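J.: One file: upload_16.pdb (PDB, C-alpha atoms and all ligand atoms).
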```
ATOM      1  CA  MET A   1      93.324  87.970  94.945
ATOM      2  CA  ALA A   2      92.126  88.900  91.503
ATOM      3  CA  SER A   3      91.971  85.370  90.298
ATOM      4  CA  LEU A   4      89.028  85.373  92.596
ATOM      5  CA  ALA A   5      87.881  88.742  91.358
ATOM      6  CA  GLN A   6      87.955  87.366  87.857
ATOM      7  CA  ARG A   7      86.181  84.189  88.662
ATOM      8  CA  THR A   8      83.444  85.457  90.874
ATOM      9  CA  ALA A   9      80.654  87.880  91.222
ATOM     10  CA  ASP A  10      79.625  88.488  94.762
ATOM     11  CA  ASP A  11      77.435  91.163  96.168
ATOM     12  CA  ALA A  12      76.410  94.090  94.043
ATOM     13  CA  SER A  13      78.597  97.159  94.207
ATOM     14  CA  ASP A  14      78.791  99.170  97.395
ATOM     15  CA  GLY A  15      77.457 102.662  97.543
ATOM     16  CA  GLU A  16      75.387 103.084  94.444
ATOM     17  CA  SER A  17      74.909 106.682  93.542
ATOM     18  CA  SER A  18      74.164 108.766  96.574
ATOM     19  CA  GLY A  19      73.278 111.735  94.468
ATOM     20  CA  ASP A  20      76.640 113.423  95.064
ATOM     21  CA  ASP A  21      77.592 116.070  92.614
ATOM     22  CA  ASP A  22      80.325 118.667  92.323
ATOM     23  CA  SER A  23      79.228 120.247  95.598
ATOM     24  CA  CYS A  24      81.225 117.575  97.388
ATOM     25  CA  ASP A  25      84.363 119.405  96.213
ATOM     26  CA  ASP A  26      84.080 121.229  99.536
ATOM     27  CA  PHE A  27      84.604 118.004 101.377
ATOM     28  CA  PHE A  28      87.451 116.665  99.273
ATOM     29  CA  PRO A  29      89.636 119.678  98.670
ATOM     30  CA  ARG A  30      92.861 117.809  97.984
ATOM     31  CA  VAL A  31      93.890 117.512  94.374
ATOM     32  CA  ASP A  32      96.681 115.782  92.578
ATOM     33  CA  PRO A  33      99.117 118.534  91.527
ATOM     34  CA  ASN A  34     100.191 116.414  88.577
ATOM     35  CA  CYS A  35      96.751 116.744  87.163
ATOM     36  CA  GLU A  36      96.202 120.437  87.712
ATOM     37  CA  SER A  37      95.548 122.610  84.751
ATOM     38  CA  ASP A  38      98.867 123.471  83.108
ATOM     39  CA  ASP A  39      97.693 125.907  80.477
ATOM     40  CA  ASP A  40     100.110 128.647  81.508
ATOM     41  CA  ASP A  41     103.315 127.097  80.297
ATOM     42  CA  GLY A  42     104.789 130.292  79.045
ATOM     43  CA  GLY A  43     104.871 129.662  75.336
ATOM     44  CA  GLY A  44     102.808 128.699  72.345
ATOM     45  CA  ALA A  45      99.148 127.913  72.338
ATOM     46  CA  ALA A  46      97.660 127.226  75.721
ATOM     47  CA  ALA A  47      96.901 123.572  76.298
ATOM     48  CA  PRO A  48      93.274 122.918  77.137
ATOM     49  CA  PRO A  49      92.796 122.796  80.907
ATOM     50  CA  ARG A  50      92.758 119.278  82.221
ATOM     51  CA  PRO A  51      90.180 118.370  84.816
ATOM     52  CA  LEU A  52      91.426 118.221  88.382
ATOM     53  CA  ARG A  53      91.641 114.834  89.982
ATOM     54  CA  ARG A  54      91.357 114.218  93.651
ATOM     55  CA  VAL A  55      93.723 112.227  95.768
ATOM     56  CA  GLY A  56      92.780 110.170  98.769
ATOM     57  CA  LYS A  57      94.465 109.996 102.141
ATOM     58  CA  ALA A  58      98.075 108.883 102.270
ATOM     59  CA  VAL A  59      98.470 105.236 103.215
ATOM     60  CA  ALA A  60     100.188 105.067 106.625
ATOM     61  CA  ARG A  61     103.483 103.210 107.094
ATOM     62  CA  VAL A  62     103.825 101.470 110.416
ATOM     63  CA  ASP A  63     106.583  99.484 112.059
ATOM     64  CA  ALA A  64     105.118  95.993 112.308
ATOM     65  CA  ALA A  65     107.133  95.283 115.445
ATOM     66  CA  ALA A  66     105.339  98.108 117.255
ATOM     67  CA  LEU A  67     101.881  96.748 116.492
ATOM     68  CA  THR A  68      99.964  93.938 118.178
ATOM     69  CA  ALA A  69      97.346  91.898 116.355
ATOM     70  CA  GLU A  70      94.701  93.545 118.594
ATOM     71  CA  ALA A  71      95.897  97.039 117.707
ATOM     72  CA  PHE A  72      96.000  96.114 114.030
ATOM     73  CA  LEU A  73      92.418  94.851 114.202
ATOM     74  CA  ALA A  74      91.166  97.972 115.977
ATOM     75  CA  THR A  75      93.102 100.516 113.923
ATOM     76  CA  TYR A  76      93.135  99.041 110.427
ATOM     77  CA  ALA A  77      91.128  95.859 109.838
ATOM     78  CA  ALA A  78      87.856  96.744 111.586
ATOM     79  CA  PRO A  79      87.609 100.318 110.236
ATOM     80  CA  ARG A  80      88.892  99.091 106.866
ATOM     81  CA  VAL A  81      91.927 101.357 106.590
ATOM     82  CA  PRO A  82      94.753 100.273 104.277
ATOM     83  CA  VAL A  83      98.256 100.305 105.737
ATOM     84  CA  VAL A  84     101.826  99.360 104.890
ATOM     85  CA  LEU A  85     103.570  97.332 107.579
ATOM     86  CA  GLU A  86     107.316  97.687 107.579
ATOM     87  CA  GLY A  87     109.434  94.774 108.684
ATOM     88  CA  ALA A  88     106.719  92.143 109.139
ATOM     89  CA  PRO A  89     108.239  88.660 108.784
ATOM     90  CA  GLN A  90     108.589  87.687 105.136
ATOM     91  CA  PRO A  91     110.295  84.909 103.153
ATOM     92  CA  SER A  92     112.796  87.460 101.861
ATOM     93  CA  HIS A  93     114.948  84.787 100.221
ATOM     94  CA  MET A  94     112.231  84.209  97.612
ATOM     95  CA  THR A  95     113.712  86.555  95.025
ATOM     96  CA  ALA A  96     113.476  86.115  91.256
ATOM     97  CA  ALA A  97     116.862  84.338  91.351
ATOM     98  CA  TRP A  98     115.596  81.936  94.019
ATOM     99  CA  TRP A  99     112.451  81.095  92.044
ATOM    100  CA  ALA A 100     114.545  80.636  88.895
ATOM    101  CA  GLU A 101     116.987  78.307  90.586
ATOM    102  CA  ARG A 102     114.363  76.196  92.286
ATOM    103  CA  TYR A 103     111.512  76.178  89.777
ATOM    104  CA  GLY A 104     113.094  77.591  86.588
ATOM    105  CA  HIS A 105     112.507  74.367  84.681
ATOM    106  CA  LEU A 106     108.711  74.669  84.992
ATOM    107  CA  LYS A 107     106.350  75.878  82.334
ATOM    108  CA  VAL A 108     103.839  78.353  83.750
ATOM    109  CA  PRO A 109     101.071  80.565  82.381
ATOM    110  CA  LEU A 110     101.776  84.288  82.131
ATOM    111  CA  ASP A 111      98.826  86.700  82.214
ATOM    112  CA  VAL A 112      96.798  83.790  83.494
ATOM    113  CA  ASN A 113      93.029  83.938  82.966
ATOM    114  CA  SER A 114      93.439  86.500  80.218
ATOM    115  CA  PRO A 115      92.650  85.784  76.557
ATOM    116  CA  ALA A 116      96.281  86.687  75.764
ATOM    117  CA  SER A 117      97.748  84.198  78.248
ATOM    118  CA  VAL A 118     100.851  82.287  77.118
ATOM    119  CA  VAL A 119     102.688  79.341  78.623
ATOM    120  CA  ALA A 120     106.363  80.081  79.143
ATOM    121  CA  ASN A 121     109.531  78.681  80.620
ATOM    122  CA  LEU A 122     109.718  80.164  84.109
ATOM    123  CA  GLY A 123     113.526  80.439  84.179
ATOM    124  CA  ALA A 124     113.715  82.389  80.924
ATOM    125  CA  PHE A 125     110.948  84.737  82.078
ATOM    126  CA  LEU A 126     112.533  85.354  85.481
ATOM    127  CA  ARG A 127     115.966  86.036  84.008
ATOM    128  CA  GLY A 128     114.349  88.583  81.687
ATOM    129  CA  ASP A 129     115.217  86.642  78.543
ATOM    130  CA  ALA A 130     111.632  86.257  77.357
ATOM    131  CA  HIS A 131     108.193  87.857  77.715
ATOM    132  CA  ARG A 132     109.434  90.897  79.623
ATOM    133  CA  GLY A 133     106.115  92.712  79.188
ATOM    134  CA  ARG A 134     104.084  89.856  80.585
ATOM    135  CA  TYR A 135     102.730  89.399  84.093
ATOM    136  CA  LEU A 136     103.215  86.216  86.064
ATOM    137  CA  ARG A 137     100.333  86.651  88.449
ATOM    138  CA  ASN A 138      97.864  84.862  90.654
ATOM    139  CA  LEU A 139      99.682  81.526  90.574
ATOM    140  CA  HIS A 140      98.823  79.660  93.754
ATOM    141  CA  LEU A 141     101.965  78.246  95.321
ATOM    142  CA  ARG A 142     100.217  75.060  96.306
ATOM    143  CA  GLU A 143      99.146  74.417  92.727
ATOM    144  CA  TRP A 144     102.209  75.583  90.773
ATOM    145  CA  PHE A 145     105.253  75.454  93.043
ATOM    146  CA  PRO A 146     105.217  72.334  95.198
ATOM    147  CA  GLY A 147     106.903  72.834  98.549
ATOM    148  CA  ALA A 148     107.182  76.624  98.276
ATOM    149  CA  GLU A 149     104.297  77.322 100.624
ATOM    150  CA  ASP A 150     106.152  75.613 103.478
ATOM    151  CA  ASP A 151     108.301  78.753 103.705
ATOM    152  CA  VAL A 152     105.422  81.234 103.770
ATOM    153  CA  ARG A 153     103.172  82.425 106.608
ATOM    154  CA  LEU A 154     100.588  85.149 106.913
ATOM    155  CA  PRO A 155     102.259  87.715 109.211
ATOM    156  CA  ALA A 156     100.721  87.116 112.650
ATOM    157  CA  VAL A 157      99.925  90.803 113.154
ATOM    158  CA  LEU A 158      97.331  90.582 110.351
ATOM    159  CA  GLY A 159      95.264  88.244 112.525
ATOM    160  CA  GLN A 160      94.102  84.670 112.452
ATOM    161  CA  ASN A 161      92.872  83.522 109.054
ATOM    162  CA  ARG A 162      89.357  82.112 109.511
ATOM    163  CA  LEU A 163      89.109  80.713 105.973
ATOM    164  CA  ALA A 164      90.745  77.459 107.031
ATOM    165  CA  ALA A 165      87.695  76.723 109.197
ATOM    166  CA  VAL A 166      85.134  77.429 106.461
ATOM    167  CA  GLU A 167      84.456  73.878 105.379
ATOM    168  CA  THR A 168      82.988  74.692 101.996
ATOM    169  CA  ALA A 169      85.675  77.196 100.977
ATOM    170  CA  PRO A 170      87.863  76.033  98.081
ATOM    171  CA  ARG A 171      91.031  74.312  99.278
ATOM    172  CA  ALA A 172      93.263  76.907  97.616
ATOM    173  CA  TRP A 173      91.734  79.677  99.718
ATOM    174  CA  LYS A 174      92.647  78.079 103.020
ATOM    175  CA  LYS A 175      96.357  78.741 102.624
ATOM    176  CA  TRP A 176      96.223  81.514 100.151
ATOM    177  CA  PHE A 177      99.626  82.439  98.725
ATOM    178  CA  GLU A 178      99.962  83.553  95.114
ATOM    179  CA  LEU A 179     103.113  84.567  93.242
ATOM    180  CA  PHE A 180     103.346  87.783  91.216
ATOM    181  CA  VAL A 181     106.374  88.753  89.105
ATOM    182  CA  CYS A 182     106.465  91.636  86.647
ATOM    183  CA  ARG A 183     108.821  94.210  85.219
ATOM    184  CA  ARG A 184     108.521  97.867  84.412
ATOM    185  CA  GLU A 185     107.702  96.963  80.802
ATOM    186  CA  CYS A 186     104.548  95.229  82.020
ATOM    187  CA  ALA A 187     101.364  97.315  82.136
ATOM    188  CA  GLY A 188     100.617  95.814  85.524
ATOM    189  CA  PHE A 189      97.502  94.229  86.863
ATOM    190  CA  PRO A 190      95.071  94.267  83.935
ATOM    191  CA  PHE A 191      92.060  95.851  85.572
ATOM    192  CA  LEU A 192      90.918  97.823  88.566
ATOM    193  CA  HIS A 193      88.968  95.527  90.855
ATOM    194  CA  ARG A 194      88.025  94.658  94.380
ATOM    195  CA  ASP A 195      88.570  91.174  95.680
ATOM    196  CA  ALA A 196      85.504  89.026  95.884
ATOM    197  CA  CYS A 197      83.596  87.635  98.832
ATOM    198  CA  ARG A 198      84.616  90.522 101.076
ATOM    199  CA  THR A 199      88.031  89.029 101.803
ATOM    200  CA  HIS A 200      90.924  91.179 102.985
ATOM    201  CA  ALA A 201      94.075  91.101 100.834
ATOM    202  CA  TYR A 202      97.761  91.347 101.648
ATOM    203  CA  SER A 203     100.885  91.727  99.522
ATOM    204  CA  LEU A 204     104.370  90.837 100.729
ATOM    205  CA  GLN A 205     106.841  92.738  98.563
ATOM    206  CA  LEU A 206     110.003  90.639  98.314
ATOM    207  CA  GLU A 207     112.004  92.318  95.563
ATOM    208  CA  GLY A 208     111.737  95.414  93.382
ATOM    209  CA  SER A 209     109.082  98.083  93.826
ATOM    210  CA  LYS A 210     105.422  98.027  93.058
ATOM    211  CA  GLN A 211     102.944 100.876  93.050
ATOM    212  CA  PHE A 212      99.404 100.219  94.220
ATOM    213  CA  THR A 213      96.517 102.547  93.486
ATOM    214  CA  LEU A 214      93.678 102.114  95.969
ATOM    215  CA  PHE A 215      90.150 103.525  95.936
ATOM    216  CA  PRO A 216      87.864 103.341  98.979
ATOM    217  CA  PRO A 217      84.702 101.209  98.791
ATOM    218  CA  ASP A 218      82.410 104.246  98.465
ATOM    219  CA  ASP A 219      84.199 105.269  95.283
ATOM    220  CA  ALA A 220      82.433 102.412  93.481
ATOM    221  CA  ARG A 221      79.934 104.959  92.214
ATOM    222  CA  TYR A 222      82.713 106.748  90.302
ATOM    223  CA  LEU A 223      84.536 103.704  88.966
ATOM    224  CA  TYR A 224      82.192 102.267  86.320
ATOM    225  CA  VAL A 225      81.945  98.969  88.103
ATOM    226  CA  ASP A 226      80.165  95.774  87.280
ATOM    227  CA  ARG A 227      80.231  93.606  90.386
ATOM    228  CA  ASN A 228      83.921  93.271  91.322
ATOM    229  CA  ARG A 229      85.457  94.807  88.263
ATOM    230  CA  SER A 230      85.822  98.332  86.927
ATOM    231  CA  ALA A 231      85.647  99.158  83.228
ATOM    232  CA  ILE A 232      88.577 101.565  83.691
ATOM    233  CA  ASP A 233      91.484  99.782  82.091
ATOM    234  CA  ASP A 234      94.229 102.225  83.083
ATOM    235  CA  VAL A 235      93.556 104.649  85.946
ATOM    236  CA  ASP A 236      96.834 106.462  85.226
ATOM    237  CA  ALA A 237      96.170 107.047  81.523
ATOM    238  CA  ALA A 238      96.222 110.704  80.495
ATOM    239  CA  ASP A 239      92.786 110.344  78.927
ATOM    240  CA  ALA A 240      91.247 108.264  81.729
ATOM    241  CA  VAL A 241      89.140 111.173  82.995
ATOM    242  CA  ASP A 242      88.001 112.078  79.490
ATOM    243  CA  ARG A 243      86.839 108.541  78.912
ATOM    244  CA  PHE A 244      85.451 108.028  82.406
ATOM    245  CA  PRO A 245      84.359 111.471  83.631
ATOM    246  CA  LEU A 246      83.150 110.350  87.051
ATOM    247  CA  LEU A 247      86.680 109.200  87.837
ATOM    248  CA  ARG A 248      87.596 112.765  88.713
ATOM    249  CA  LEU A 249      85.314 112.488  91.736
ATOM    250  CA  ALA A 250      87.122 109.411  93.052
ATOM    251  CA  SER A 251      89.852 109.665  95.693
ATOM    252  CA  PRO A 252      92.711 107.291  94.883
ATOM    253  CA  SER A 253      95.628 106.729  97.219
ATOM    254  CA  THR A 254      98.872 105.513  95.726
ATOM    255  CA  VAL A 255     101.573 103.760  97.637
ATOM    256  CA  VAL A 256     104.876 102.270  96.523
ATOM    257  CA  LEU A 257     106.008  99.052  98.171
ATOM    258  CA  GLY A 258     109.656  98.112  98.438
ATOM    259  CA  PRO A 259     111.277  94.923  99.694
ATOM    260  CA  GLY A 260     110.181  94.171 103.255
ATOM    261  CA  ASP A 261     106.872  96.033 102.964
ATOM    262  CA  THR A 262     103.551  94.325 103.550
ATOM    263  CA  LEU A 263     100.431  96.026 102.222
ATOM    264  CA  PHE A 264      97.066  95.387 103.833
ATOM    265  CA  VAL A 265      94.095  96.032 101.511
ATOM    266  CA  PRO A 266      90.848  95.885 103.495
ATOM    267  CA  ASP A 267      87.835  94.173 102.015
ATOM    268  CA  GLY A 268      85.914  96.266  99.538
ATOM    269  CA  TRP A 269      88.814  98.519  98.505
ATOM    270  CA  TRP A 270      89.338  98.820  94.749
ATOM    271  CA  HIS A 271      92.925  98.365  93.637
ATOM    272  CA  VAL A 272      95.385  97.875  90.828
ATOM    273  CA  ALA A 273      99.199  97.600  90.778
ATOM    274  CA  ARG A 274     102.266  97.804  88.571
ATOM    275  CA  CYS A 275     106.042  97.492  88.817
ATOM    276  CA  VAL A 276     107.948 100.777  89.137
ATOM    277  CA  SER A 277     111.508  99.503  89.566
ATOM    278  CA  ASP A 278     114.251  98.401  87.199
ATOM    279  CA  ALA A 279     114.516  95.217  89.242
ATOM    280  CA  PRO A 280     111.697  92.758  88.699
ATOM    281  CA  SER A 281     108.901  93.113  91.206
ATOM    282  CA  VAL A 282     108.368  89.892  93.156
ATOM    283  CA  THR A 283     105.338  89.748  95.440
ATOM    284  CA  LEU A 284     103.503  87.090  97.367
ATOM    285  CA  GLY A 285      99.890  87.970  97.864
ATOM    286  CA  GLY A 286      96.636  86.463  98.886
ATOM    287  CA  ASN A 287      93.370  86.916 100.669
ATOM    288  CA  TYR A 288      92.104  86.068 104.082
ATOM    289  CA  VAL A 289      89.244  86.559 106.496
ATOM    290  CA  THR A 290      89.472  87.525 110.147
ATOM    291  CA  ASP A 291      86.873  87.924 112.862
ATOM    292  CA  ASP A 292      86.018  91.423 111.726
ATOM    293  CA  ASN A 293      84.942  90.450 108.203
ATOM    294  CA  LEU A 294      83.847  86.845 108.756
ATOM    295  CA  ASP A 295      80.123  87.655 108.647
ATOM    296  CA  ARG A 296      80.514  89.759 105.510
ATOM    297  CA  PHE A 297      82.537  86.966 103.945
ATOM    298  CA  LEU A 298      79.970  84.293 104.786
ATOM    299  CA  ASP A 299      77.114  86.328 103.280
ATOM    300  CA  ALA A 300      79.098  87.056 100.138
ATOM    301  CA  PHE A 301      80.347  83.510  99.907
ATOM    302  CA  ALA A 302      76.762  82.194 100.045
ATOM    303  CA  ASP A 303      75.886  84.407  97.060
ATOM    304  CA  PHE A 304      79.069  83.324  95.309
ATOM    305  CA  THR A 305      78.276  79.657  95.811
ATOM    306  CA  ALA A 306      74.716  80.121  94.589
ATOM    307  CA  LEU A 307      75.931  81.947  91.498
ATOM    308  CA  LYS A 308      78.475  79.225  90.826
ATOM    309  CA  ALA A 309      75.741  76.639  90.972
ATOM    310  CA  LEU A 310      73.632  78.661  88.541
ATOM    311  CA  ARG A 311      76.602  79.000  86.243
ATOM    312  CA  ALA A 312      77.216  75.273  86.333
ATOM    313  CA  VAL A 313      73.814  74.733  84.801
ATOM    314  CA  GLY A 314      74.291  77.541  82.288
ATOM    315  CA  ALA A 315      71.864  79.907  83.973
ATOM    316  CA  ALA A 316      74.256  82.738  84.891
ATOM    317  CA  ALA A 317      77.476  84.386  83.814
ATOM    318  CA  MET A 318      80.351  85.180  86.171
ATOM    319  CA  HIS A 319      83.495  87.192  86.105
TER
HETATM  320  O1  LIG A 401     100.075  92.629  92.880
HETATM  321  C1  LIG A 401      99.273  92.922  92.034
HETATM  322  O2  LIG A 401      99.527  93.085  90.851
HETATM  323  C2  LIG A 401      97.821  93.122  92.431
HETATM  324  C3  LIG A 401      97.233  91.829  92.766
HETATM  325  C4  LIG A 401      95.786  91.920  92.965
HETATM  326  O3  LIG A 401      95.233  92.962  93.111
HETATM  327  C5  LIG A 401      94.998  90.732  92.999
HETATM  328  O4  LIG A 401      95.506  89.642  92.709
HETATM  329  O5  LIG A 401      93.812  90.862  93.349
END
```
Mind converting the file's structure to structure tokens?
Ligand SMILES: O=C(O)CCC(=O)C(=O)O

T.:
Amino acid sequence: MASLAQRTADDASDGESSGDDDSCDDFFPRVDPNCESDDDDGGGAAAPPRPLRRVGKAVARVDAAALTAEAFLATYAAPRVPVVLEGAPQPSHMTAAWWAERYGHLKVPLDVNSPASVVANLGAFLRGDAHRGRYLRNLHLREWFPGAEDDVRLPAVLGQNRLAAVETAPRAWKKWFELFVCRRECAGFPFLHRDACRTHAYSLQLEGSKQFTLFPPDDARYLYVDRNRSAIDDVDAADAVDRFPLLRLASPSTVVLGPGDTLFVPDGWWHVARCVSDAPSVTLGGNYVTDDNLDRFLDAFADFTALKALRAVGAAAMH
């Protein structure tokens, strides 16, 4: 997922400014009550009114057993609608305790790919004895946890992953399972982003609870984006709208995943996540491509490959 977002720069952002202005309030009347002006608090000096922020559509929750792969494709994947599937098959035994028992002796990077990354003992981190504010994220099972991927499958309802047949795709993408573990003390995923190369993303929540904030592709124009990444470091910060005024025009949807939930994030959706439970949040996530986004993937992947080649000879920068 974001390891790719960090490493790559695919097509330029969707939906550059369409000239929208405040008149589109008429079309997006829903607002987040938590962000409404609260200047009438009954005492003392009135607080300055805070700008209203919109909220997007609620993310649907669907019983995975009641959905066929065809229905999933038609209702969610093709129209690019995020959804939480309840009860899709998951390796539910892969809790923090399981990872600690089986792989606790390993040394792994926390906050990988970030300048502040540290290498830590996995067992101590998982037991909560060290680095509680850090994020173990984007560690490919195949690379870091030998044998673990044998227990993990993409839920069949999500569709057939076409990446395995793309000869030139990196090996890690063909069976794409990454581990994420974080605690409430952790600020969460470090930046708002969309996943590169127009891949779809999924998250299997195995333990604890995690809140995702999702913005539709067209919101790119309000999110201060450069290729796959937004400059907005914390979309929930009280001063986010002061620092990034266009953000008030964006329509985020938030959804909290609990154990057994599978989140589908369609290609092009901007997202960020953080733990909201006392228990550690343990998630397996990854990216994939199905028939509906294969052409978009191949186009984006061609650009990605070209950019990589340019970078290799020092002629381009990537993130
Ligand atoms: O589970 C998370 O923290 C979000 C992961 C993510 O968005 C990504 O890896 O692209």

J.: Give the residue list for ligand LIG 401 (chain A) at 8 Å, counting only C-alpha atoms and all ligand atoms, as a compact mmCIF listing (two decimals) with C-alpha atoms, in the coordinates of the input, sorted by chain and then by residue number.

T.:
```
# COMPACT_ATOMS: atom_id res chain seq x y z
CA MET A 1 93.32 87.97 94.94
CA ALA A 2 92.13 88.90 91.50
CA SER A 3 91.97 85.37 90.30
CA LEU A 4 89.03 85.37 92.60
CA ALA A 5 87.88 88.74 91.36
CA ARG A 137 100.33 86.65 88.45
CA ASN A 138 97.86 84.86 90.65
CA GLU A 178 99.96 83.55 95.11
CA PHE A 180 103.35 87.78 91.22
CA GLY A 188 100.62 95.81 85.52
CA PHE A 189 97.50 94.23 86.86
CA LEU A 192 90.92 97.82 88.57
CA HIS A 193 88.97 95.53 90.86
CA ARG A 194 88.02 94.66 94.38
CA ASP A 195 88.57 91.17 95.68
CA ALA A 201 94.08 91.10 100.83
CA SER A 203 100.88 91.73 99.52
CA LYS A 210 105.42 98.03 93.06
CA PHE A 212 99.40 100.22 94.22
CA HIS A 271 92.92 98.36 93.64
CA VAL A 272 95.38 97.88 90.83
CA ALA A 273 99.20 97.60 90.78
CA ARG A 274 102.27 97.80 88.57
CA THR A 283 105.34 89.75 95.44
CA LEU A 284 103.50 87.09 97.37
CA GLY A 285 99.89 87.97 97.86
CA GLY A 286 96.64 86.46 98.89
```

J.: Applied to this file, what does the PyMOL selection byres (((chain A and resi 158) around 7) and not hetatm) return in terms of residues, put as a ChimeraX atom specification?

T.: /A:69,72,155-157,159

J.: Can those selected residues be exported to a file as a PDB file, keeping the file's coordinate frame so that it contains C-alpha atoms?

T.:
```pdb
ATOM      1  CA  ALA A  69      97.346  91.898 116.355  1.00  0.00           C
ATOM      2  CA  PHE A  72      96.000  96.114 114.030  1.00  0.00           C
ATOM      3  CA  PRO A 155     102.259  87.715 109.211  1.00  0.00           C
ATOM      4  CA  ALA A 156     100.721  87.116 112.650  1.00  0.00           C
ATOM      5  CA  VAL A 157      99.925  90.803 113.154  1.00  0.00           C
ATOM      6  CA  GLY A 159      95.264  88.244 112.525  1.00  0.00           C
TER       7      GLY A 159
END
```

J.: For the point (107.7, 85.0, 105.5) in the file's frame, write as a PyMOL selection string all residues with an atom no more than 7 Å away, counting only C-alpha atoms.

T.: chain A and resi 89-92+151-153

J.: For Trp270 in chain A, which residue among A:Phe215, A:Tyr288, A:Tyr224, A:Phe304 is the nearest when counting only C-alpha atoms?

T.: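 Looking at the shortest contact to Trp270 in chain A, the residue is A:Phe215.
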
J.: Please evaluate the PyMOL selection byres (((chain A and resi 254) around 8) and not hetatm) against the displayed coordinates and give the resulting residues as a ChimeraX atom specification.

T.: /A:58-59,211-214,252-253,255-256

J.: With 12 Å as the threshold, what does the neighbourhood of (89.2, 88.8, 106.7) contain in terms of residues, counting all atoms listed in the file? Coordinates are those of the file; answer as a count of residues only.

T.: 41

J.: Given the file shown, determine the residues that the PyMOL selection byres (((chain A and resi 60) around 8) and not hetatm) selects; report them as a CSV table (one decimal) with C-alpha atoms, in the coordinates of the input.

T.:
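Result written to selection-v6.csv:
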```
chain,number,residue,atom,x,y,z
A,58,ALA,CA,98.1,108.9,102.3
A,59,VAL,CA,98.5,105.2,103.2
A,61,ARG,CA,103.5,103.2,107.1
A,62,VAL,CA,103.8,101.5,110.4
A,82,PRO,CA,94.8,100.3,104.3
A,83,VAL,CA,98.3,100.3,105.7
A,84,VAL,CA,101.8,99.4,104.9
```

J.: Could you state the separation of CA of Ala187 in chain A and CA of Pro217 in chain A in Å, given to one decimal place?

T.: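 Atom-to-atom, CA of Ala187 in chain A to CA of Pro217 in chain A, that is 23.9 Å.
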
J.: Could you list, as a PDB file with C-alpha atoms, in the coordinates of the input, every residue within 10 Å of Ala302 in chain A, counting all atoms listed in the file and ignoring same-chain residues fewer than 3 positions away?

T.:
```pdb
ATOM      1  CA  ASP A  10      79.625  88.488  94.762  1.00  0.00           C
ATOM      2  CA  ASP A  11      77.435  91.163  96.168  1.00  0.00           C
ATOM      3  CA  THR A 168      82.988  74.692 101.996  1.00  0.00           C
ATOM      4  CA  CYS A 197      83.596  87.635  98.832  1.00  0.00           C
ATOM      5  CA  PHE A 297      82.537  86.966 103.945  1.00  0.00           C
ATOM      6  CA  LEU A 298      79.970  84.293 104.786  1.00  0.00           C
ATOM      7  CA  ASP A 299      77.114  86.328 103.280  1.00  0.00           C
ATOM      8  CA  THR A 305      78.276  79.657  95.811  1.00  0.00           C
ATOM      9  CA  ALA A 306      74.716  80.121  94.589  1.00  0.00           C
ATOM     10  CA  LEU A 307      75.931  81.947  91.498  1.00  0.00           C
ATOM     11  CA  LYS A 308      78.475  79.225  90.826  1.00  0.00           C
TER      12      LYS A 308
END
```

J.: Quote the spacing between CA of Leu206 in chain A and CA of Pro259 in chain A in Å to one decimal place.

T.: 4.7 Å

J.: Hey, which of A:Ala65, A:Val181, A:Val225, A:Leu126 ends up closest to Arg102 in chain A? Count only C-alpha atoms.

T.: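 Using only C-alpha atoms, Arg102 in chain A sits closest to A:Leu126.
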
J.: Would you fill out range 241-250 of chain A with N, CA and C atoms and return it as an mmCIF file, in the coordinates of the input?

T.:
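Resulting contents of result-v1.cif:
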```cif
data_model
loop_
_atom_site.group_PDB
_atom_site.id
_atom_site.type_symbol
_atom_site.label_atom_id
_atom_site.label_comp_id
_atom_site.auth_asym_id
_atom_site.auth_seq_id
_atom_site.Cartn_x
_atom_site.Cartn_y
_atom_site.Cartn_z
ATOM 1 N N VAL A 241 90.253 110.346 82.522
ATOM 2 C CA VAL A 241 89.140 111.173 82.995
ATOM 3 C C VAL A 241 88.249 111.620 81.834
ATOM 4 N N ASP A 242 88.852 111.742 80.649
ATOM 5 C CA ASP A 242 88.001 112.078 79.490
ATOM 6 C C ASP A 242 87.083 110.912 79.163
ATOM 7 N N ARG A 243 87.637 109.724 79.271
ATOM 8 C CA ARG A 243 86.839 108.541 78.912
ATOM 9 C C ARG A 243 85.864 108.163 80.023
ATOM 10 N N PHE A 244 86.280 108.432 81.246
ATOM 11 C CA PHE A 244 85.451 108.028 82.406
ATOM 12 C C PHE A 244 85.296 109.251 83.316
ATOM 13 N N PRO A 245 84.416 110.170 82.937
ATOM 14 C CA PRO A 245 84.359 111.471 83.631
ATOM 15 C C PRO A 245 84.126 111.394 85.133
ATOM 16 N N LEU A 246 83.402 110.413 85.600
ATOM 17 C CA LEU A 246 83.150 110.350 87.051
ATOM 18 C C LEU A 246 84.425 110.066 87.840
ATOM 19 N N LEU A 247 85.433 109.552 87.154
ATOM 20 C CA LEU A 247 86.680 109.200 87.837
ATOM 21 C C LEU A 247 87.287 110.399 88.568
ATOM 22 N N ARG A 248 87.003 111.592 88.051
ATOM 23 C CA ARG A 248 87.596 112.765 88.713
ATOM 24 C C ARG A 248 87.021 112.976 90.115
ATOM 25 N N LEU A 249 85.907 112.363 90.404
ATOM 26 C CA LEU A 249 85.314 112.488 91.736
ATOM 27 C C LEU A 249 85.839 111.445 92.715
ATOM 28 N N ALA A 250 86.602 110.475 92.188
ATOM 29 C CA ALA A 250 87.122 109.411 93.052
ATOM 30 C C ALA A 250 88.389 109.885 93.756
#
```
